[in-house]
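Participant: What follows is the file coords_39.txt, containing compact mmCIF, C-alpha atoms and all ligand atoms:
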```
# COMPACT_ATOMS: atom_id res chain seq x y z
CA MET A 634 88.26 87.12 104.31
CA ASP A 635 87.21 83.67 103.17
CA LYS A 636 86.41 83.03 99.52
CA ILE A 637 83.59 85.10 97.97
CA ILE A 638 81.88 83.74 94.84
CA ARG A 639 80.07 86.42 92.81
CA LEU A 640 77.39 85.26 90.34
CA GLU A 641 75.33 87.22 87.81
CA LYS A 642 72.22 85.10 88.19
CA VAL A 643 71.32 82.06 90.29
CA ASP A 644 68.13 80.29 91.39
CA SER A 645 69.08 80.62 95.06
CA THR A 646 72.44 81.31 96.69
CA ASN A 647 71.48 78.69 99.31
CA ASN A 648 70.94 76.13 96.51
CA TYR A 649 74.30 77.02 94.97
CA LEU A 650 76.15 76.19 98.19
CA LYS A 651 74.11 73.00 98.65
CA GLN A 652 75.06 71.85 95.15
CA HIS A 653 78.77 72.73 95.48
CA CYS A 654 79.21 71.98 99.17
CA ASP A 655 81.65 69.08 98.68
CA ASP A 656 84.06 71.25 96.65
CA LEU A 657 83.99 74.33 98.87
CA ASP A 658 85.60 75.21 102.19
CA SER A 659 83.75 76.20 105.29
CA GLY A 660 83.35 80.00 105.34
CA THR A 661 82.77 80.29 101.58
CA VAL A 662 80.37 83.11 100.72
CA VAL A 663 78.25 83.33 97.58
CA THR A 664 76.28 86.30 96.30
CA ALA A 665 74.43 87.13 93.07
CA GLU A 666 73.11 90.14 91.19
CA GLU A 667 69.85 88.33 90.61
CA GLN A 668 68.17 85.46 92.45
CA THR A 669 65.27 83.87 90.57
CA ALA A 670 63.99 81.24 93.02
CA GLY A 671 65.10 82.55 96.39
CA ARG A 672 63.47 81.06 99.46
CA GLY A 673 62.43 82.62 102.74
CA ARG A 674 61.34 81.02 105.99
CA LEU A 675 58.09 79.05 106.14
CA GLY A 676 57.98 78.51 102.39
CA HIS A 677 57.94 82.17 101.35
CA LEU A 678 59.52 83.36 98.09
CA TRP A 679 62.57 85.66 98.25
CA ASN A 680 63.59 86.61 94.73
CA SER A 681 66.26 89.29 94.50
CA ASN A 682 67.18 92.02 92.04
CA ALA A 683 69.87 94.69 91.95
CA ASP A 684 68.18 96.55 94.84
CA MET A 685 68.84 93.66 97.23
CA LEU A 686 71.82 91.80 98.59
CA PRO A 687 71.31 88.02 98.62
CA MET A 688 74.21 86.07 100.13
CA SER A 689 74.84 82.67 101.68
CA ILE A 690 77.65 81.35 103.84
CA LEU A 691 78.68 77.71 104.13
CA PHE A 692 79.50 76.33 107.59
CA LYS A 693 80.88 72.79 107.64
CA ASP A 694 80.27 70.92 110.88
CA PRO A 695 79.76 74.14 112.88
CA PRO A 696 79.73 74.12 116.70
CA GLU A 697 76.25 74.37 118.31
CA PRO A 698 74.33 74.31 114.99
CA GLU A 699 70.99 74.76 116.80
CA THR A 700 71.93 78.32 117.81
CA LEU A 701 73.75 79.24 114.62
CA THR A 702 70.81 81.11 113.16
CA ALA A 703 70.54 83.34 116.26
CA ARG A 704 74.28 84.03 116.26
CA ILE A 705 74.18 84.92 112.55
CA GLY A 706 71.29 87.31 113.26
CA LEU A 707 73.40 89.02 115.91
CA GLY A 708 76.37 89.25 113.55
CA VAL A 709 74.18 90.80 110.84
CA CYS A 710 72.88 93.48 113.28
CA GLU A 711 76.43 94.34 114.26
CA ALA A 712 77.54 94.53 110.63
CA LEU A 713 74.67 96.83 109.63
CA GLU A 714 75.46 99.18 112.51
CA GLN A 715 79.06 99.46 111.25
CA CYS A 716 77.81 100.65 107.90
CA PRO A 717 78.37 104.44 107.52
CA GLU A 718 74.97 105.01 105.87
CA ILE A 719 73.09 103.36 108.76
CA ASN A 720 72.37 105.66 111.67
CA LEU A 721 69.62 103.62 113.33
CA ARG A 722 69.59 100.90 115.98
CA VAL A 723 69.35 97.44 114.41
CA SER A 724 67.31 94.87 116.36
CA ILE A 725 66.04 91.32 116.08
CA LYS A 726 62.45 90.12 115.95
CA TRP A 727 62.85 86.67 117.42
CA PRO A 728 64.25 84.43 116.15
CA ASN A 729 66.18 86.33 113.49
CA ASP A 730 64.29 88.91 111.45
CA ILE A 731 66.48 92.00 111.30
CA ILE A 732 64.54 95.14 112.15
CA MET A 733 65.09 98.88 111.82
CA GLU A 734 62.37 101.34 112.88
CA ASN A 735 59.85 98.48 113.21
CA HIS A 736 60.47 97.34 109.63
CA LYS A 737 62.11 94.16 108.40
CA VAL A 738 65.25 95.05 106.45
CA CYS A 739 66.79 91.60 106.30
CA GLY A 740 65.76 87.95 106.60
CA ILE A 741 67.83 84.89 107.41
CA LEU A 742 67.25 81.29 106.34
CA CYS A 743 69.62 78.61 107.65
CA GLU A 744 69.31 75.17 106.07
CA SER A 745 71.17 72.01 107.12
CA ILE A 746 72.46 69.13 105.07
CA ARG A 747 73.62 65.94 106.71
CA ASN A 748 76.83 64.42 105.38
CA GLY A 749 77.36 61.09 107.15
CA ASP A 750 77.82 61.96 110.81
CA LYS A 751 78.56 65.60 109.98
CA LEU A 752 76.09 68.44 109.59
CA ASN A 753 76.74 71.28 107.17
CA VAL A 754 74.71 74.46 107.52
CA ILE A 755 74.03 77.04 104.82
CA CYS A 756 73.06 80.44 106.17
CA GLY A 757 71.23 82.59 103.65
CA ILE A 758 70.93 86.29 104.31
CA GLY A 759 68.79 88.67 102.24
CA VAL A 760 69.25 92.41 102.83
CA ASN A 761 66.84 95.03 101.49
CA ILE A 762 69.17 97.71 100.15
CA SER A 763 67.36 100.19 97.93
CA GLN A 764 63.85 99.06 96.99
CA THR A 765 61.21 101.79 97.09
CA GLU A 766 58.05 101.94 99.19
CA LYS A 767 56.11 101.10 96.01
CA PHE A 768 58.03 97.85 95.60
CA PHE A 769 56.96 96.64 99.04
CA GLN A 770 53.35 97.80 98.52
CA ASN A 771 53.13 95.92 95.22
CA ALA A 772 54.56 92.83 96.89
CA GLU A 773 52.12 93.28 99.83
CA LEU A 774 55.05 93.27 102.23
CA PHE A 775 53.70 95.99 104.48
CA SER A 776 56.14 95.48 107.36
CA ALA A 777 59.28 95.45 105.21
CA ALA A 778 61.49 98.36 104.13
CA SER A 779 64.86 98.96 102.54
CA ILE A 780 67.85 100.60 104.21
CA ALA A 781 67.65 103.46 101.67
CA MET A 782 64.01 104.14 102.61
CA LEU A 783 64.83 104.33 106.31
CA CYS A 784 68.26 105.98 106.25
CA GLY A 785 68.03 108.21 103.19
CA SER A 786 70.81 106.54 101.22
CA ALA A 787 71.78 103.03 100.22
CA PRO A 788 74.92 101.38 101.56
CA ASN A 789 77.61 100.26 99.14
CA LYS A 790 76.69 96.65 98.40
CA GLU A 791 80.24 95.34 98.17
CA ALA A 792 81.22 97.00 101.46
CA LEU A 793 78.10 95.63 103.14
CA LEU A 794 78.72 92.14 101.78
CA GLN A 795 82.19 92.13 103.33
CA LEU A 796 81.00 93.56 106.65
CA VAL A 797 78.13 91.07 106.97
CA ALA A 798 80.28 88.08 105.99
CA LYS A 799 83.01 89.02 108.47
CA SER A 800 80.70 89.71 111.37
CA ALA A 801 78.48 86.64 110.76
CA ILE A 802 81.53 84.33 110.56
CA LEU A 803 82.93 85.88 113.76
CA ARG A 804 79.71 85.14 115.68
CA ALA A 805 79.43 81.69 114.07
CA ASN A 806 82.79 80.80 115.58
CA MET A 807 81.66 81.77 119.08
CA ARG A 808 79.62 79.83 121.62
CA PHE A 809 76.02 80.94 122.12
CA SER A 810 76.76 81.44 125.83
CA ASP A 811 79.28 84.13 124.83
CA CYS A 812 76.75 85.78 122.50
CA TYR A 813 73.76 85.37 124.84
CA CYS A 814 73.68 88.86 126.43
CA ASP A 815 74.34 90.68 123.16
CA TYR A 816 71.68 88.59 121.39
CA LYS A 817 69.11 89.10 124.14
CA ASN A 818 69.73 92.86 124.21
CA ARG A 819 68.72 93.04 120.55
CA VAL A 820 65.52 90.97 120.76
CA LEU A 821 62.70 93.45 120.73
CA ASN A 822 59.82 91.05 121.42
CA LEU A 823 60.93 90.65 125.03
CA GLY A 824 58.59 92.17 127.61
CA ARG A 825 55.79 92.32 125.04
CA GLU A 826 52.55 90.50 124.28
CA VAL A 827 53.08 88.24 121.27
CA ARG A 828 51.12 85.97 118.98
CA ILE A 829 52.75 82.62 118.28
CA ILE A 830 51.60 81.58 114.85
CA SER A 831 52.07 78.08 113.43
CA ALA A 832 50.58 76.40 110.34
CA ASN A 833 47.22 75.71 111.99
CA SER A 834 47.10 77.57 115.27
CA GLU A 835 47.72 80.92 116.87
CA LYS A 836 48.03 81.69 120.56
CA LYS A 837 48.71 84.78 122.61
CA ALA A 838 51.37 84.89 125.29
CA PHE A 839 53.83 87.22 126.99
CA ALA A 840 57.46 86.98 125.78
CA GLU A 841 59.57 86.84 128.94
CA ASP A 842 63.09 85.77 128.17
CA ILE A 843 65.53 83.93 125.91
CA ALA A 844 66.50 80.43 127.05
CA LYS A 845 70.14 79.36 127.14
CA ASN A 846 69.51 77.40 123.91
CA GLY A 847 68.01 80.43 122.11
CA PHE A 848 64.34 79.38 122.48
CA LEU A 849 61.82 82.12 123.34
CA ILE A 850 60.44 81.74 126.88
CA CYS A 851 56.78 82.73 126.99
CA ARG A 852 54.04 82.78 129.61
CA ASP A 853 50.29 82.45 129.32
CA ASP A 854 47.49 81.53 131.76
CA ASN A 855 48.71 77.92 131.85
CA GLY A 856 52.27 78.82 132.84
CA THR A 857 55.65 79.19 131.21
CA PHE A 858 56.68 77.40 128.01
CA GLU A 859 59.49 77.56 125.44
CA VAL A 860 59.02 78.26 121.74
CA ASN A 861 61.36 76.75 119.16
CA SER A 862 61.98 78.83 116.05
CA GLY A 863 61.53 75.95 113.59
CA GLU A 864 57.91 76.17 112.53
CA VAL A 865 56.52 79.33 114.02
CA SER A 866 56.35 83.00 113.39
CA VAL A 867 56.07 85.39 116.35
CA ARG A 868 54.23 88.68 115.94
CA GLY A 869 53.11 91.47 118.23
CA ALA A 870 49.65 91.19 119.84
CA ASN A 871 48.23 93.80 117.42
CA GLY A 872 50.73 94.03 114.59
CA TYR A 873 54.06 93.00 113.22
CA ILE A 874 56.12 93.49 116.39
C1 LIG B 901 63.09 85.09 105.67
O1 LIG B 901 62.05 84.53 105.30
O2 LIG B 901 63.06 86.06 106.42
C2 LIG B 901 64.43 84.57 105.22
C3 LIG B 901 64.86 85.13 103.91
C4 LIG B 901 66.21 84.62 103.44
C5 LIG B 901 66.54 85.06 102.03
C6 LIG B 901 67.95 84.75 101.64
S1 LIG B 901 68.44 85.62 100.20
C7 LIG B 901 69.92 84.68 100.13
C8 LIG B 901 69.55 83.26 100.50
N1 LIG B 901 69.10 82.49 99.36
C9 LIG B 901 67.83 82.11 99.46
O3 LIG B 901 67.20 81.43 98.63
N2 LIG B 901 67.30 82.58 100.61
C10 LIG B 901 68.29 83.30 101.38
```
Output the structure of this file as C-alpha cells.
Ligand code: BTN

Facilitator:
Amino acid sequence: MDKIIRLEKVDSTNNYLKQHCDDLDSGTVVTAEEQTAGRGRLGHLWNSNADMLPMSILFKDPPEPETLTARIGLGVCEALEQCPEINLRVSIKWPNDIIMENHKVCGILCESIRNGDKLNVICGIGVNISQTEKFFQNAELFSAASIAMLCGSAPNKEALLQLVAKSAILRANMRFSDCYCDYKNRVLNLGREVRIISANSEKKAFAEDIAKNGFLICRDDNGTFEVNSGEVSVRGANGYI
C-alpha cells in the first residue's frame, strides 16, 4: 500500500493534497476524522464527521486523465462489494455517483492541477458510513443514504479505507479500454429516460450507451449526442435515477 496520511481535522482532503503535492509521491492517500470545508461536484458542500469516510488520492501525470474519474468510480464499487458488511450490488449513476438500492452512498470529485507540461489529478472520495436517516433529512439529501442504513451495520472505516485505496489505484493504473465493459455493466442509467441538467438548462433524452472515452451517449428527437460529465448532472426522467 502507498503512503496513507491520517489527519484529525482538515478543510478538505483534496485541498491538503493540492497544497502538499510537490512533496508527495503519486499514490499518496489522505484521510481525516473531520472535514470542515469539503467540496462536492458542481459547487456542493461535503463536510464530513466521524460517520463518514473522506479520502483523497494523488495521481501524478496519470495515463488517460479524462477517464480517471470513471475508473475510480469502478474501483470504488469493487472495493465496497469486497467489504464483508456490504451484501448489496454497488452501481454507478453516470458519471460516478456510487449507488446502492437507488441511494447515493459515495461521491467522487476529481480535480486537476497543471504543473508545467504535466497534469496531476487529485481524486476525492466521500463514503457515507453510518449517518442516520435523520441526518440526510435534516440536510435535505433525500436520495442519499449510509451503508449502515442500507446494510444494517457499518463497515470498519480503516478496512474500507485500505480496500478503496487499493482498488481505486488498481483501476487508475489500467487503460479505460480494459475497464470499459466492467464500467458499463455498473452504469444504471443505461436504457433509461434521463434528464440532463446543466446550470441553465434541462433536457430529456434516452441514455443509450457509454462512448469509448467515457461520455454518455444519449438520443432525443434530434438524434444521438454525447454528454461530457464536466458540467452536468444526469437524473432519471421522474426522480433521482
Ligand atoms: C460529489 O459531489 O458527489 C462528490 C463528493 C466528493 C467528496 C469528497 S470527500 C473527500 C474529498 N475532499 C473533498 O473536499 N471532497 C472529496

Participant: Tell me, counting only C-alpha atoms, for each residue of stretch 750-865 of chain A within 9 Å of stretch 697-703 of chain A, which pair of atoms is nearest and how far apart they are in Å to one decimal, in rows ordered by chain and increasing number, as CSV.

Facilitator:
```
residue,atom,partner,partner_atom,distance
A:Leu752,CA,A:Pro698,CA,8.2
A:Asn753,CA,A:Pro698,CA,8.7
A:Val754,CA,A:Pro698,CA,7.5
A:Cys756,CA,A:Thr702,CA,7.4
A:Arg804,CA,A:Leu701,CA,8.5
A:Ala805,CA,A:Leu701,CA,6.2
A:Arg808,CA,A:Glu697,CA,7.2
A:Phe809,CA,A:Thr700,CA,6.5
A:Tyr816,CA,A:Ala703,CA,7.4
A:Asn846,CA,A:Thr700,CA,6.6
A:Gly847,CA,A:Thr700,CA,6.2
A:Phe848,CA,A:Thr700,CA,9.0
```

Participant: Taking all atoms listed in the file into account, which residues are within 7 Å of ligand LIG 901 (chain B), as a list in words?

Facilitator: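 Residues lying within 7 Å of ligand LIG 901 (chain B): Ser645, Thr646, Asn647, Asn648, Ala670, Gly671, Arg672, Gly673, Arg674, Leu675, His677, Trp679, Pro687, Met688, Ser689, Asp730, Cys739, Gly740, Ile741, Leu742, Gly757, Ile758 and Gly759 of chain A.
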
Participant: Hey, can you check how far atom CA of A:Leu650 sits from atom CA of A:Ile705?

Facilitator: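 Separation of atom CA of A:Leu650 and atom CA of A:Ile705: 16.9 Å.
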
Participant: At what distance in Å, to one decimal, does atom CA of A:Ser831 lie from atom CA of A:Cys743?

Facilitator: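 These two atoms are separated by 18.5 Å.
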
Participant: Hey, can you check how far atom CA of A:Phe839 sits from atom CA of A:Glu773?

Facilitator: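 Taking atom CA of A:Phe839 and atom CA of A:Glu773, their separation equals 27.9 Å.
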
Participant: Quick one: residues within 12 Å of A:Leu821, all atoms listed in the file counted, chain neighbours fewer than 3 positions away excluded, as JSON, numbers by chain?

Facilitator: {"A": [722, 723, 724, 725, 726, 727, 728, 729, 730, 731, 732, 733, 734, 735, 736, 816, 817, 818, 824, 825, 826, 827, 840, 841, 842, 843, 849, 867, 868, 869, 873, 874]}

Participant: I need the residue nearest A:Pro696 from this list: A:Thr857, A:Lys799, A:Asn806, A:Asp658. Use only C-alpha atoms for the distance.

Facilitator: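 Checking each candidate against A:Pro696, we get A:Asn806 as the closest.
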
Participant: Set the distance at 8 Å and use all atoms listed in the file: which residues neighbour A:Gln715 once local chain neighbours fewer than 4 positions away are removed? I'd like the list as a ChimeraX atom specification.

Facilitator: /A:711,719,796

Participant: Those same residues, written as a tab-separated table (two decimals), keeping the file's coordinate frame with C-alpha atoms?

Facilitator:
```tsv
chain	number	residue	atom	x	y	z
A	711	GLU	CA	76.43	94.34	114.26
A	719	ILE	CA	73.09	103.36	108.76
A	796	LEU	CA	81.00	93.56	106.65
```

Participant: Please determine an axis-aligned box that encloses all atoms of stretch 760-771 of chain A listed in the file, with 3 Å added on each side, and express its centre and edge lengths in Å to one decimal as lines of an AutoDock Vina configuration file.

Facilitator:
```
center_x = 61.2
center_y = 97.2
center_z = 99.0
size_x = 22.1
size_y = 15.5
size_z = 13.6
```

Participant: Nearest residue to A:Ser800 out of A:Asp750, A:Glu714, A:Glu864, A:Asp854, using only C-alpha atoms?

Facilitator: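 Using only C-alpha atoms, A:Ser800 sits closest to A:Glu714.
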
Participant: With distances taken over all atoms listed in the file, which of A:Asn761, A:Val865, A:Ile637, A:Lys651 is nearest to A:Ala683?

Facilitator: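 Using all atoms listed in the file, the shortest distance to A:Ala683 belongs to A:Asn761.
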
Participant: Determine the nearest neighbour of A:Gly708 from the options A:Leu721, A:Met782, A:Ala844, A:Ala798, counting only C-alpha atoms.

Facilitator: A:Ala798

Participant: Pick from A:Glu718, A:Gln764, A:Arg828, A:Met807: nearest to A:Ser786, with all atoms listed in the file counted?

Facilitator: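 Among A:Glu718, A:Gln764, A:Arg828, A:Met807, it is A:Glu718 that comes nearest to A:Ser786.
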
Participant: Measuring atom to atom with only C-alpha atoms, identify which of A:Ala778, A:Ala832, A:Ile762, A:Leu678 is nearest to A:Lys790.

Facilitator: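 Result for the nearest residue to A:Lys790: A:Ile762.
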